[in-house]
Amino acid sequence: MAAAFSSSGEAAIQRQLHPASSLPPSSHRDLDGFYEMGRAAAFVRGGGFRKVALQFPDELMADAAVVAARMEAATGAEMYILGDTTYGSCCVDEVAAEHVGAEAVLHYGSACLSPCRRLPVLHIFGKQPLDIERCAEAFRELYPDRQSCVVVLSDVVYAHAMGELEQQLCPEYHNIVFSRVLYEDPPGPALPGEVRQFGRQFTVEALGGLQGCAMFYVGTEGLALTSFMLTWNCCPFSSFDPTTGCSRHETFNVNRALMRRLYLVERARDARVVGILVGTLGVAGYVAVLQHLQELLCRAGKRSYTFAVGKPNPAKLANFLEVDIFVLVACAQNSLLDSSNFYRPVITPYELELACNPDRKWTGNYFTDFRELLPGACAHVELPPVVPEAEAVPDISLITGEMRAAHLCDSSVPQLPPSTTLACRDQTQALAEISPAASFLESRSWRGLEQQLGQTPISKAVQGRRGIAIAYEDEGCEQ
């Protein structure tokens with residue numbers, strides 16, 4: 001699950017990209033149909049956009065130049081290709097688009113469908129091929145009982161084929177439900193039995209609601225399926241992988257995964273310093289949830305720092321040793337970051353609420369979309385009234401066995417401002433205001449690179465090593 005944000009980078013450096021025109025015939029695509037050129041051009045012309053950003057994932061980047069040229073010819077607008085995304089490629093990178101003054105974004109490939117608020121967005125998933133006959137046959141093998149109540153989900157890149165699959169299965173299965181993709185949040189509250197999550201919408205009319213249904217997922221194994229299984233952990237899952245043609249009952253141990261997440265909740269209760277990682281700048285409501293988490297940590301008596309480090313990886317976060325645990329504010333698919341290789345754990349906003357809000361109880365439901373925690377949402381839980389410290393019931397850590405405070409502080413009571421000092425910054429007697437956090441960082445033995453202008457001798461450039469840091473080409477010769 002960590003692949004969404006962090007990797008060694010070796011594969012990206014060694015990967016070779018070829019122009020679309022030089023692709024082998026076996027991998028040649030009908031670009032007009034695959035990228036829905038007509039629909040994209042109508043969107044650009046209909047909005048009167050003159051500058052448009054095209055966001056491609058790595059696996060489709062080889063077609064970017066050809067697609068941009070055809071779109072410019074069809075619309076007369078300037079097309080800018082976003083070569084790298086600030087965070088996960090499933091999210092719309094509105095920040096990068098605004099750097100070139102783009103008026104709209106065409107997002108290609110798989111998407112988390114998180115709502116955006118700054119720029120108009122058109123999602124073009126790319127019509128990946130799906131063997132309808134084989135998929136229907138796999139469904140019949142997995143569910144031989146024709147009365148089975150099954151909800152069919154799919155990766156967005158296969159959404160174009162769900163209508164044909166529905167025509168094949170609905171005459172045989174009367175209790176089958178197909179989800180549909182939502183490009184934007186529909187107005188009004190959800191109807192009874194209606195489910196709206198992860199950019200999908202479906203209605204369950206069976207007795208017992210969603211708990212009485214099974215889930216059939218069409219797509220490859222990945223973060224989307226993991227998020228579905230943790231959120232709807234009461235439903236048995238099965239899947240069909242279109243790339244291999246294989247189907248199976250999912251054996252992902254949800255209970256073990258939840259035990260791991262609840263252990264991290266206990267770590268969050270013990271933490272005194274919490275780092276809030278900004279994992280998105282485009283999902284609607286991310287500013288509100290940042291403020292909500294800061295208020296929650298303040299009320300819980302914990303110090304918090306907000307970090308914007310782009311795509312988090314173990315090396316980046318290891319620079320902040322004073323932080324006991326991190327909470328990642330990202331889209332629903334990228335929130336579940338596997339932090340087993342990190343120096344400090346990384347949790348979700350929902351898990352932080354479980355740790356710091358006494359009124360938030362574990363009910364078996366799991367939320368990966370942080371918008372569901374905000375005021376007005378279905379899963380929002382108000383903070384309880386403040387209990388005087390003398391009347392607070394002490395709590396025992398299940399990890400260290402030590403006692404810890406479990407009461408909330410009153411944030412309305414005027415508190416002393418953060419302690420700062422005026423320190424001499426240099427020999428010119430310039431004064432600088434230093435916070436405790438900055439003082440701590442100043443006390444470290446390693447402070448980063450120093451310029452030392454005019455003190456470094458000039459030397460001629462020499463041939464350096466070739467390759468990447470973990471495997472230089474000449475390392476074998478030296479050994």
# chains A, B, ... in the order shown; residues from 1 in each chain; ligands from 1
>>> residues_around(residues="Leu210 of chain A", least_positions_apart="3", cutoff="12 Å", atoms="only C-alpha atoms", output="list of chain:residue names")
A:Cys149, A:Val150, A:Val151, A:Val177, A:Pro192, A:Gly193, A:Glu194, A:Val195, A:Phe202, A:Thr203, A:Val204, A:Glu205, A:Ala206, A:Leu207, A:Cys213, A:Ala214, A:Met215, A:Thr231, A:Trp232, A:Asn233, A:Cys234, A:Cys235, A:Pro236
>>> select_by_dssp(residues="segment 97-157 of chain A", states="alpha helix (DSSP H)", output="ChimeraX atom specification")
/A:97-99,132-142
>>> select_by_dssp(residues="segment 198-259 of chain A", states="strand (DSSP E)", output="list in words")
Arg200, Gln201, Phe202, Thr203, Ala214, Met215, Phe216, Tyr217, Val218, Phe237, Ser238, Ser239, Phe240, Asp241, Cys246, Ser247, Arg248 and His249 of chain A
>>> residues_around(residues="Gly126 of chain A", least_positions_apart="5", cutoff="7 Å", atoms="only C-alpha atoms", output="count of residues only")
5
>>> atom_distance(atom1="atom CA of Arg200 of chain A", atom2="atom CA of Arg180 of chain A")
5.5 Å
>>> closest_atom_pairs(of="segment 180-213 of chain A", to="segment 323-338 of chain A", cutoff="12 Å", atoms="only C-alpha atoms", output="tab-separated table")
residue	atom	partner	partner_atom	distance
A:Gln197	CA	A:Ala332	CA	9.6
A:Phe198	CA	A:Ala332	CA	7.2
A:Gly199	CA	A:Ala332	CA	10.1
>>> write_last_selection(atoms="all heavy atoms", output="mmCIF file, in the first residue's frame")
data_model
loop_
_atom_site.group_PDB
_atom_site.id
_atom_site.type_symbol
_atom_site.label_atom_id
_atom_site.label_comp_id
_atom_site.auth_asym_id
_atom_site.auth_seq_id
_atom_site.Cartn_x
_atom_site.Cartn_y
_atom_site.Cartn_z
ATOM 1 N N GLN A 197 -20.343 6.432 -1.894
ATOM 2 C CA GLN A 197 -18.984 6.444 -1.367
ATOM 3 C C GLN A 197 -18.001 6.169 -2.490
ATOM 4 O O GLN A 197 -18.311 5.437 -3.446
ATOM 5 C CB GLN A 197 -18.813 5.390 -0.262
ATOM 6 C CG GLN A 197 -19.322 5.819 1.106
ATOM 7 C CD GLN A 197 -19.029 4.786 2.175
ATOM 8 O OE1 GLN A 197 -19.515 3.668 2.131
ATOM 9 N NE2 GLN A 197 -18.233 5.166 3.166
ATOM 10 N N PHE A 198 -16.802 6.729 -2.348
ATOM 11 C CA PHE A 198 -15.700 6.481 -3.282
ATOM 12 C C PHE A 198 -16.080 6.797 -4.724
ATOM 13 O O PHE A 198 -15.601 6.153 -5.652
ATOM 14 C CB PHE A 198 -15.230 5.031 -3.182
ATOM 15 C CG PHE A 198 -14.887 4.587 -1.797
ATOM 16 C CD1 PHE A 198 -15.684 3.682 -1.126
ATOM 17 C CD2 PHE A 198 -13.774 5.092 -1.146
ATOM 18 C CE1 PHE A 198 -15.370 3.273 0.161
ATOM 19 C CE2 PHE A 198 -13.456 4.691 0.137
ATOM 20 C CZ PHE A 198 -14.257 3.784 0.795
ATOM 21 N N GLY A 199 -16.944 7.799 -4.929
ATOM 22 C CA GLY A 199 -17.338 8.136 -6.281
ATOM 23 C C GLY A 199 -18.264 7.119 -6.908
ATOM 24 O O GLY A 199 -18.426 7.100 -8.132
#
>>> closest_residue(among="A:Phe56, A:Tyr87, A:Tyr183, A:Phe237", to="Leu113 of chain A", atoms="only C-alpha atoms")
A:Tyr183
>>> residues_around(residues="Tyr350 of chain A", least_positions_apart="4", cutoff="7 Å", atoms="only C-alpha atoms", output="PDB file with N, CA, C and O atoms, in the first residue's frame")
ATOM      1  N   LEU A 354     -10.388   8.497  16.695  1.00  0.00           N
ATOM      2  CA  LEU A 354     -10.601   7.407  17.643  1.00  0.00           C
ATOM      3  C   LEU A 354      -9.701   7.566  18.864  1.00  0.00           C
ATOM      4  O   LEU A 354     -10.085   7.223  19.983  1.00  0.00           O
ATOM      5  N   PHE A 367     -13.718   4.563   8.165  1.00  0.00           N
ATOM      6  CA  PHE A 367     -13.877   5.684   7.229  1.00  0.00           C
ATOM      7  C   PHE A 367     -12.504   6.109   6.715  1.00  0.00           C
ATOM      8  O   PHE A 367     -11.619   6.455   7.499  1.00  0.00           O
ATOM      9  N   PHE A 370     -11.874  11.604   4.636  1.00  0.00           N
ATOM     10  CA  PHE A 370     -11.850  12.528   5.776  1.00  0.00           C
ATOM     11  C   PHE A 370     -13.046  13.470   5.780  1.00  0.00           C
ATOM     12  O   PHE A 370     -13.392  14.031   6.818  1.00  0.00           O
TER      13      PHE A 370
END
>>> closest_residue(among="A:Ala318, A:Leu230, A:Leu293, A:Ile347", to="Leu373 of chain A", atoms="only C-alpha atoms")
A:Leu293
>>> atom_distance(atom1="atom CA of His107 of chain A", atom2="atom CA of Ile124 of chain A")
6.0 Å
>>> atom_distance(atom1="atom CA of Asn365 of chain A", atom2="atom CA of Leu262 of chain A")
12.3 Å
>>> closest_residue(among="A:Gly33, A:Pro189, A:Pro171, A:Pro129", to="Ala377 of chain A", atoms="only C-alpha atoms")
A:Pro189
>>> closest_residue(among="A:Tyr366, A:Ala268, A:Met162, A:Ala68", to="Thr226 of chain A", atoms="only C-alpha atoms")
A:Tyr366
>>> residues_around(residues="Ala74 of chain A", least_positions_apart="2", cutoff="9 Å", atoms="only C-alpha atoms", output="ChimeraX atom specification")
/A:37-38,41,69-72,76-77
>>> write_last_selection(atoms="N, CA, C and O atoms", output="CSV table (one decimal), in the first residue's frame")
chain,number,residue,atom,x,y,z
A,37,MET,N,-11.5,11.5,-27.5
A,37,MET,CA,-11.2,12.8,-28.0
A,37,MET,C,-12.4,13.7,-28.2
A,37,MET,O,-12.3,14.9,-28.0
A,38,GLY,N,-13.4,13.1,-28.8
A,38,GLY,CA,-14.6,13.9,-29.1
A,38,GLY,C,-15.2,14.5,-27.8
A,38,GLY,O,-15.6,15.7,-27.8
A,41,ALA,N,-12.8,17.3,-26.5
A,41,ALA,CA,-12.9,18.5,-27.3
A,41,ALA,C,-14.1,19.3,-27.0
A,41,ALA,O,-14.1,20.5,-27.0
A,69,ALA,N,-1.3,17.2,-29.0
A,69,ALA,CA,-1.2,17.8,-30.3
A,69,ALA,C,-2.6,17.7,-31.0
A,69,ALA,O,-3.1,18.6,-31.6
A,70,ARG,N,-3.3,16.5,-30.8
A,70,ARG,CA,-4.6,16.4,-31.4
A,70,ARG,C,-5.6,17.3,-30.8
A,70,ARG,O,-6.5,17.8,-31.4
A,71,MET,N,-5.5,17.4,-29.4
A,71,MET,CA,-6.5,18.3,-28.7
A,71,MET,C,-6.3,19.7,-29.1
A,71,MET,O,-7.3,20.5,-29.3
A,72,GLU,N,-5.0,20.2,-29.3
A,72,GLU,CA,-4.8,21.5,-29.8
A,72,GLU,C,-5.4,21.8,-31.2
A,72,GLU,O,-6.0,22.8,-31.4
A,76,GLY,N,-8.1,24.4,-30.6
A,76,GLY,CA,-7.4,25.7,-30.7
A,76,GLY,C,-6.9,26.2,-29.4
A,76,GLY,O,-6.4,27.3,-29.4
A,77,ALA,N,-7.1,25.5,-28.4
A,77,ALA,CA,-6.6,25.9,-27.0
A,77,ALA,C,-5.2,25.4,-26.8
A,77,ALA,O,-4.7,24.4,-27.4
